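Remarks on the structure that follows.
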Amino acid sequence: MILRARIVLPISAPPIEDGAVFITGNRIRAVAPFRDLRRLYNEKIHNLGEVILMPGLVNAHCHLDYSDMAGELPPPKTFTDWIGSITAAKTGWSYSDYARSWLHGAHQLLKTGTTTVADIEAMPDLLPEVWDATPLRIFSFFEMTGILSRRPPKEILREAIEKIDSLKHPRHRAMLSPHAPYSTLPELLKLTATTARKHNWRVSTHIAESEQEFEMFKNASGSMHDWLGRNGRNNSDCGHGSPVAHFARNKLLGENVLAIHVNYLARGDATLLAKNKTHVVHCPRSHDYFKHKKFERERLANAGVNICLGTDSLATTRKIGKTKPELDMFAEMRSLAEHDKAVSPEEILRLATVNGARALGLAGKIGELTKGAFADVIALPFNGKIAAAPAAAIQHSGRITASLIGGQWAIPPGY
């Protein structure tokens, strides 16, 4: 079929006025002005009218199973306060509560333009049932901790690998997520690094998220350091440099690693991340929720780090008035534009598409409209001029008008 639109935004190429995308099966065969494709191919035409046609958004970090906590946790004074709040909030949640919350979050992402999501699975037993309930393309990263449970790292990893091996799906993938440096032992980090490289798996991990975490590892001091010490953590791995340096020592930086947040950097950290080709995932609304210092996007970008965007969870998103927040990558793009005036609309779109694709190992396959890519396409209402299309796209709010994932309508036009 051929999809025709007022504007086509391929992301990896210049915008096309009165453009079209030719799709065969689950792949894109051509992207060009409509007049060229109409002349070459005699296929069914879907004229989507006054819209921007662009690649589906790539959400590089999410916690779908916390979606029903939207607006429930007021912004905390400190990060450790928030850990206490979410631990209390989860008390009493059942399997059904987590499943319902996961599915609500997936529906929110779908209707707001995400087609691929990298999700942290705190409840891996939800899979594969929840996978089968959504058309989204899911990367499920199994969360591993172990500090408070005092379980041996080899046992934690073995359990995760067994679950991964039990899951086979043509569209979804399961991989590993050692939660964070403060919640996992160095041995688990090293074992994860070795296992992931052996199997060619991606790894997603929170790192340098809070000032308290940074102080814990850099100076072996502070409230997080003392709190975890009182709860039995062996803090002998602290005091030897930043959280990023800690991961480097434990071999958990690399081209297959998604470093989530990276809000606090020591001198040399950006270079270390770039040298190891580690991807950084920024979550603008979560960043604002905790009132972290300004995200050092330019410093990371200048060092050569691939930066992408994620939503994080709705347990770390501010409630505005009486309206509960929803998972929405356009809201993340708008938040970034509001807080970082130096970044262009075109670059913001890249952070939410091609950069996320690269982080997930699917460069050229998702996040752009190009020959050979999966037919993951979304449409937004637009009747302006071509030069205004990128800025209009990042300011889009509300439902999209259509979504195609792998060549199948996830949201049909006019639905």
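Naming scheme: A, B, ... for chains in displayed order of the structure tokens; residues 1 onward per chain; ligands 1 onward as shown.
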
Q: Please provide as a PyMOL selection string all residues within 12 Å of Met123 of chain A, with the sequence filter that same-chain residues fewer than 6 positions apart are discarded (counting only C-alpha atoms).
A: chain A and resi 63-66+90+93-99+101-102+129-130+140-144+160+163

Output the selection as a compact mmCIF listing (two decimals), in the first residue's frame - C-alpha atoms for each residue.
```txt
# COMPACT_ATOMS: atom_id res chain seq x y z
CA HIS A 63 8.22 1.19 33.75
CA LEU A 64 4.85 0.15 32.35
CA ASP A 65 3.82 -1.74 35.48
CA TYR A 66 3.86 1.48 37.54
CA LYS A 90 3.58 -1.20 46.03
CA TRP A 93 -0.37 -4.75 44.91
CA SER A 94 -1.36 -8.10 43.39
CA TYR A 95 -0.37 -9.77 40.13
CA SER A 96 -3.61 -8.45 38.63
CA ASP A 97 -2.82 -4.89 39.75
CA TYR A 98 0.57 -4.99 38.01
CA ALA A 99 -0.91 -6.54 34.87
CA SER A 101 -1.20 -1.14 35.23
CA TRP A 102 1.17 -2.49 32.53
CA GLU A 129 0.61 -12.66 28.40
CA VAL A 130 0.95 -8.86 28.38
CA SER A 140 11.57 -6.18 28.16
CA PHE A 141 14.53 -5.75 30.52
CA PHE A 142 14.32 -7.95 33.62
CA GLU A 143 15.09 -5.95 36.74
CA MET A 144 17.73 -7.47 39.04
CA ALA A 160 16.63 -14.12 34.82
CA LYS A 163 12.99 -16.71 32.14
```

Q: Return as a list in words the full set of residues in segment 239-315 of chain A whose backbone-based DSSP assignment is strand (DSSP E).
A: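 Taking segment 239-315 of chain A and keeping strand (DSSP E) only, one gets Val257, Leu258, Ala259, Ile260, His261, His279, Val280, Val281, His282, Ile307, Cys308 and Leu309 of chain A.
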
Dump as JSON lines the rows for residues of segment 247-290 of chain A within 8 Å of segment 175-197 of chain A: closest atom pair and distance in Å with one decimal, only C-alpha atoms counted, ordered by chain and rising residue number.
```
{"residue": "A:Phe247", "atom": "CA", "partner": "A:Pro181", "partner_atom": "CA", "distance": 7.5}
{"residue": "A:Asn250", "atom": "CA", "partner": "A:Lys190", "partner_atom": "CA", "distance": 5.3}
{"residue": "A:Lys251", "atom": "CA", "partner": "A:Lys190", "partner_atom": "CA", "distance": 6.1}
{"residue": "A:Leu252", "atom": "CA", "partner": "A:Ala193", "partner_atom": "CA", "distance": 5.3}
{"residue": "A:Asn256", "atom": "CA", "partner": "A:Arg197", "partner_atom": "CA", "distance": 7.8}
```

Q) Skipping near chain neighbours, those fewer than 4 positions away, what residues fall within 12 Å of Ser210 of chain A using only C-alpha atoms, listed as a ChimeraX atom specification? A) /A:77-83,180-182,206,214-217,222-224,242-243,260-265,286-287,289-293,295

Would you write out, as CSV, a table of all residues in segment 58-99 of chain A that have an atom no more than 8 Å from an atom of segment 296-320 of chain A, listing for each the closest atom pair and the distance in Å to one decimal, considering only C-alpha atoms and ordering rows by chain and rising residue number?
```
residue,atom,partner,partner_atom,distance
A:Val58,CA,A:Leu309,CA,7.8
A:Asn59,CA,A:Gly310,CA,4.7
A:Ala60,CA,A:Gly310,CA,4.7
A:His61,CA,A:Gly310,CA,4.4
A:Cys62,CA,A:Asp312,CA,4.3
A:His63,CA,A:Ser313,CA,4.8
A:Leu64,CA,A:Ser313,CA,6.7
A:Tyr66,CA,A:Ser313,CA,6.1
A:Ser67,CA,A:Leu314,CA,5.3
A:Asp68,CA,A:Leu314,CA,7.5
A:Met69,CA,A:Ala315,CA,5.3
A:Ala70,CA,A:Leu314,CA,4.7
A:Gly71,CA,A:Lys319,CA,5.0
A:Glu72,CA,A:Ala315,CA,7.0
A:Leu73,CA,A:Ala315,CA,6.3
A:Pro74,CA,A:Arg318,CA,7.5
A:Pro75,CA,A:Arg318,CA,7.2
A:Ile86,CA,A:Ala315,CA,7.6
```

(Q) So the first atom is atom CA of Ala118 of chain A and the second is atom CA of Thr134 of chain A; what is the distance between them in Å, to one decimal place? (A)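 About the pair atom CA of Ala118 of chain A and atom CA of Thr134 of chain A: they are 13.9 Å apart.
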
Q | Nearest-residue call for Ala274 of chain A, choices A:Val244, A:Ala387, A:Leu57, A:Ala410, using only C-alpha atoms | A |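 Of A:Val244, A:Ala387, A:Leu57, A:Ala410, the one nearest Ala274 of chain A is A:Val244, counting only C-alpha atoms.
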
**Q.** Surrounding residues of Thr353 of chain A excluding itself and chain neighbours under 2 positions, 9 Å, only C-alpha atoms, as a ChimeraX atom specification
**A.** /A:11,55-59,308-309,348-351,355-358,366-368

With C-alpha atoms retained, could you export that selection as an mmCIF file, in the first residue's frame?
```cif
data_model
loop_
_atom_site.group_PDB
_atom_site.id
_atom_site.type_symbol
_atom_site.label_atom_id
_atom_site.label_comp_id
_atom_site.auth_asym_id
_atom_site.auth_seq_id
_atom_site.Cartn_x
_atom_site.Cartn_y
_atom_site.Cartn_z
ATOM 1 C CA ILE A 11 13.868 12.002 10.248
ATOM 2 C CA PRO A 55 8.300 7.144 12.145
ATOM 3 C CA GLY A 56 6.810 5.700 15.302
ATOM 4 C CA LEU A 57 8.468 7.013 18.445
ATOM 5 C CA VAL A 58 11.070 4.963 20.308
ATOM 6 C CA ASN A 59 10.639 5.143 24.093
ATOM 7 C CA CYS A 308 17.863 9.275 23.435
ATOM 8 C CA LEU A 309 14.590 9.862 25.286
ATOM 9 C CA ILE A 348 14.635 16.551 19.664
ATOM 10 C CA LEU A 349 12.868 14.401 17.061
ATOM 11 C CA ARG A 350 16.091 12.460 16.541
ATOM 12 C CA LEU A 351 16.389 11.819 20.281
ATOM 13 C CA ASN A 355 18.848 7.713 18.493
ATOM 14 C CA GLY A 356 16.628 5.328 20.443
ATOM 15 C CA ALA A 357 16.750 2.871 17.547
ATOM 16 C CA ARG A 358 20.538 2.979 17.622
ATOM 17 C CA ILE A 366 12.969 1.542 13.404
ATOM 18 C CA GLY A 367 12.841 5.269 14.203
ATOM 19 C CA GLU A 368 13.089 6.439 10.591
#
```

**Q.** From A:Arg150, A:His172, A:Lys198, A:Arg39, residue lying nearest Asp119 of chain A [only C-alpha atoms]
**A.** A:His172

Q: In Å, rounded to a single decimal, give me how far atom CA of His279 of chain A is from atom CA of Ser403 of chain A.
A: 27.0 Å

(Q) Give me, as a VMD selection string, all polymer residues having an atom no more than 12 Å from segment 22-33 of chain A, counting only C-alpha atoms and skipping those fewer than 6 positions away in the same chain. (A) chain A and resid 1 to 16 39 to 46 53 to 55 171 364 to 366 368 to 377 404 to 409

Just to be explicit: take each residue in the selection above, keep N, CA and C atoms, and write the result as a compact mmCIF listing (two decimals), in the first residue's frame.
```txt
# COMPACT_ATOMS: atom_id res chain seq x y z
N MET A 1 0.84 -1.20 0.00
CA MET A 1 0.00 0.00 0.00
C MET A 1 0.87 1.25 0.00
N ILE A 2 0.27 2.37 -0.37
CA ILE A 2 0.95 3.66 -0.36
C ILE A 2 0.22 4.57 0.62
N LEU A 3 0.96 5.17 1.54
CA LEU A 3 0.42 6.17 2.46
C LEU A 3 0.81 7.55 1.96
N ARG A 4 -0.18 8.40 1.74
CA ARG A 4 0.07 9.76 1.26
C ARG A 4 -0.24 10.76 2.36
N ALA A 5 0.59 11.81 2.48
CA ALA A 5 0.39 12.81 3.53
C ALA A 5 0.86 14.18 3.06
N ARG A 6 0.32 15.20 3.71
CA ARG A 6 0.75 16.57 3.40
C ARG A 6 2.25 16.72 3.56
N ILE A 7 2.78 16.20 4.68
CA ILE A 7 4.21 16.25 4.95
C ILE A 7 4.68 14.87 5.40
N VAL A 8 5.77 14.39 4.85
CA VAL A 8 6.44 13.19 5.35
C VAL A 8 7.75 13.61 6.01
N LEU A 9 7.91 13.23 7.27
CA LEU A 9 9.15 13.51 8.02
C LEU A 9 9.91 12.20 8.18
N PRO A 10 10.84 11.90 7.30
CA PRO A 10 11.58 10.63 7.43
C PRO A 10 12.53 10.61 8.62
N ILE A 11 12.91 11.77 9.16
CA ILE A 11 13.87 12.00 10.25
C ILE A 11 15.30 11.87 9.75
N SER A 12 15.61 10.77 9.07
CA SER A 12 16.98 10.57 8.56
C SER A 12 17.20 11.23 7.21
N ALA A 13 16.20 11.94 6.72
CA ALA A 13 16.28 12.66 5.44
C ALA A 13 15.40 13.90 5.54
N PRO A 14 15.55 14.87 4.63
CA PRO A 14 14.74 16.09 4.69
C PRO A 14 13.25 15.82 4.54
N PRO A 15 12.40 16.72 5.10
CA PRO A 15 10.95 16.58 4.96
C PRO A 15 10.52 16.60 3.49
N ILE A 16 9.41 15.94 3.21
CA ILE A 16 8.88 15.87 1.85
C ILE A 16 7.46 16.40 1.84
N ARG A 39 3.42 7.19 -9.90
CA ARG A 39 3.80 6.87 -11.28
C ARG A 39 4.45 5.48 -11.37
N LEU A 40 5.18 5.10 -10.29
CA LEU A 40 5.93 3.85 -10.33
C LEU A 40 5.13 2.64 -9.89
N TYR A 41 4.21 2.86 -8.94
CA TYR A 41 3.53 1.70 -8.34
C TYR A 41 2.00 1.86 -8.44
N ASN A 42 1.36 0.79 -8.81
CA ASN A 42 -0.10 0.77 -8.88
C ASN A 42 -0.64 0.01 -7.67
N GLU A 43 -0.55 0.66 -6.50
CA GLU A 43 -0.94 0.01 -5.25
C GLU A 43 -2.11 0.77 -4.62
N LYS A 44 -2.74 0.13 -3.63
CA LYS A 44 -3.82 0.79 -2.89
C LYS A 44 -3.28 2.02 -2.19
N ILE A 45 -3.96 3.15 -2.35
CA ILE A 45 -3.50 4.42 -1.78
C ILE A 45 -4.38 4.79 -0.59
N HIS A 46 -3.72 5.06 0.55
CA HIS A 46 -4.41 5.62 1.70
C HIS A 46 -4.01 7.09 1.78
N LEU A 53 3.34 12.63 8.45
CA LEU A 53 3.62 11.21 8.53
C LEU A 53 5.08 11.05 8.95
N MET A 54 5.32 10.32 10.04
CA MET A 54 6.67 10.20 10.58
C MET A 54 6.85 8.82 11.20
N PRO A 55 8.09 8.46 11.53
CA PRO A 55 8.30 7.14 12.14
C PRO A 55 7.70 7.08 13.53
N ARG A 171 8.12 -10.51 17.70
CA ARG A 171 8.19 -9.05 17.75
C ARG A 171 8.86 -8.53 19.03
N GLY A 364 18.35 1.96 11.48
CA GLY A 364 17.93 1.69 10.11
C GLY A 364 16.72 0.79 10.01
N LYS A 365 16.27 0.24 11.14
CA LYS A 365 15.13 -0.66 11.15
C LYS A 365 13.88 -0.05 11.79
N ILE A 366 14.07 0.80 12.79
CA ILE A 366 12.97 1.54 13.40
C ILE A 366 13.43 2.98 13.59
N GLU A 368 12.93 5.63 11.80
CA GLU A 368 13.09 6.44 10.59
C GLU A 368 12.28 5.83 9.46
N LEU A 369 11.91 6.67 8.53
CA LEU A 369 11.21 6.20 7.33
C LEU A 369 12.23 6.11 6.22
N THR A 370 12.69 4.89 5.98
CA THR A 370 13.72 4.67 4.97
C THR A 370 13.55 3.28 4.39
N LYS A 371 14.06 3.07 3.21
CA LYS A 371 13.93 1.78 2.54
C LYS A 371 14.51 0.67 3.41
N GLY A 372 13.74 -0.40 3.60
CA GLY A 372 14.19 -1.54 4.38
C GLY A 372 13.82 -1.51 5.84
N ALA A 373 13.38 -0.35 6.35
CA ALA A 373 12.98 -0.25 7.75
C ALA A 373 11.63 -0.91 7.97
N PHE A 374 11.36 -1.31 9.21
CA PHE A 374 10.03 -1.80 9.54
C PHE A 374 9.01 -0.70 9.29
N ALA A 375 7.83 -1.09 8.86
CA ALA A 375 6.78 -0.12 8.58
C ALA A 375 6.09 0.29 9.88
N ASP A 376 6.83 1.03 10.72
CA ASP A 376 6.32 1.61 11.96
C ASP A 376 6.12 3.10 11.70
N VAL A 377 4.88 3.51 11.49
CA VAL A 377 4.57 4.85 10.99
C VAL A 377 3.42 5.44 11.80
N LEU A 404 0.81 2.63 12.44
CA LEU A 404 1.08 1.38 11.75
C LEU A 404 2.32 0.76 12.39
N ILE A 405 2.26 -0.50 12.80
CA ILE A 405 3.41 -1.18 13.41
C ILE A 405 3.66 -2.47 12.65
N GLY A 406 4.84 -2.57 12.06
CA GLY A 406 5.16 -3.75 11.27
C GLY A 406 4.21 -3.97 10.11
N GLY A 407 3.72 -2.88 9.53
CA GLY A 407 2.83 -2.98 8.37
C GLY A 407 1.38 -3.27 8.71
N GLN A 408 1.06 -3.34 10.01
CA GLN A 408 -0.32 -3.61 10.43
C GLN A 408 -0.88 -2.38 11.16
N TRP A 409 -2.13 -2.05 10.87
CA TRP A 409 -2.73 -0.91 11.55
C TRP A 409 -2.91 -1.19 13.03
```

Q: Check the DSSP output for the backbone and give back, as a PyMOL selection string, the residues of segment 230-274 of chain A in alpha helix (DSSP H).
A: chain A and resi 230+243-249+269-274

With C-alpha atoms retained, write the just-selected residues as a short mmCIF file (atom, residue, chain, number, x, y, z; two decimals), in the first residue's frame.
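As written to disk, result10.cif reads:
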```
data_model
loop_
_atom_site.label_atom_id
_atom_site.label_comp_id
_atom_site.auth_asym_id
_atom_site.auth_seq_id
_atom_site.Cartn_x
_atom_site.Cartn_y
_atom_site.Cartn_z
CA ARG A 230 22.39 0.34 57.95
CA PRO A 243 28.87 5.94 39.47
CA VAL A 244 29.97 6.00 35.81
CA ALA A 245 33.55 5.14 36.82
CA HIS A 246 32.15 2.38 39.05
CA PHE A 247 30.38 0.82 36.06
CA ALA A 248 33.53 1.11 33.97
CA ARG A 249 35.53 -0.80 36.61
CA ASP A 269 32.57 10.78 32.73
CA ALA A 270 31.21 12.04 29.40
CA THR A 271 34.43 11.01 27.66
CA LEU A 272 34.33 7.61 29.38
CA LEU A 273 30.75 7.02 28.19
CA ALA A 274 31.61 8.11 24.64
#
```

Q: Might you pull out every residue within 7 Å of Phe34 of chain A, with only C-alpha atoms counted and same-chain residues fewer than 4 positions away left off, and present them as a PyMOL selection string?
A: chain A and resi 4+18-20+38

(Q) Taking only C-alpha atoms into account, name the residue in A:Leu167, A:Leu157, A:Leu327, A:Leu148 that is nearest to Leu126 of chain A. (A) A:Leu167

Q) Taking into account only C-alpha atoms, which residue in the set A:Gly321, A:Gly49, A:Pro135, A:Pro76 is nearest to Leu103 of chain A? A)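 The closest residue to Leu103 of chain A is A:Pro135.
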
(Q) So, with only C-alpha atoms as the atoms that count, which of A:Gly398, A:Gly146, A:Pro152, A:Gly92 lies closest to Glu326 of chain A? (A)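 Among A:Gly398, A:Gly146, A:Pro152, A:Gly92, it is A:Gly398 that comes nearest to Glu326 of chain A.
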
Q. Quick one: distance from atom CA of Thr115 of chain A to atom CA of Leu253 of chain A in Å, one decimal?
A.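 Interatomic distance, atom CA of Thr115 of chain A to atom CA of Leu253 of chain A: 26.8 Å.
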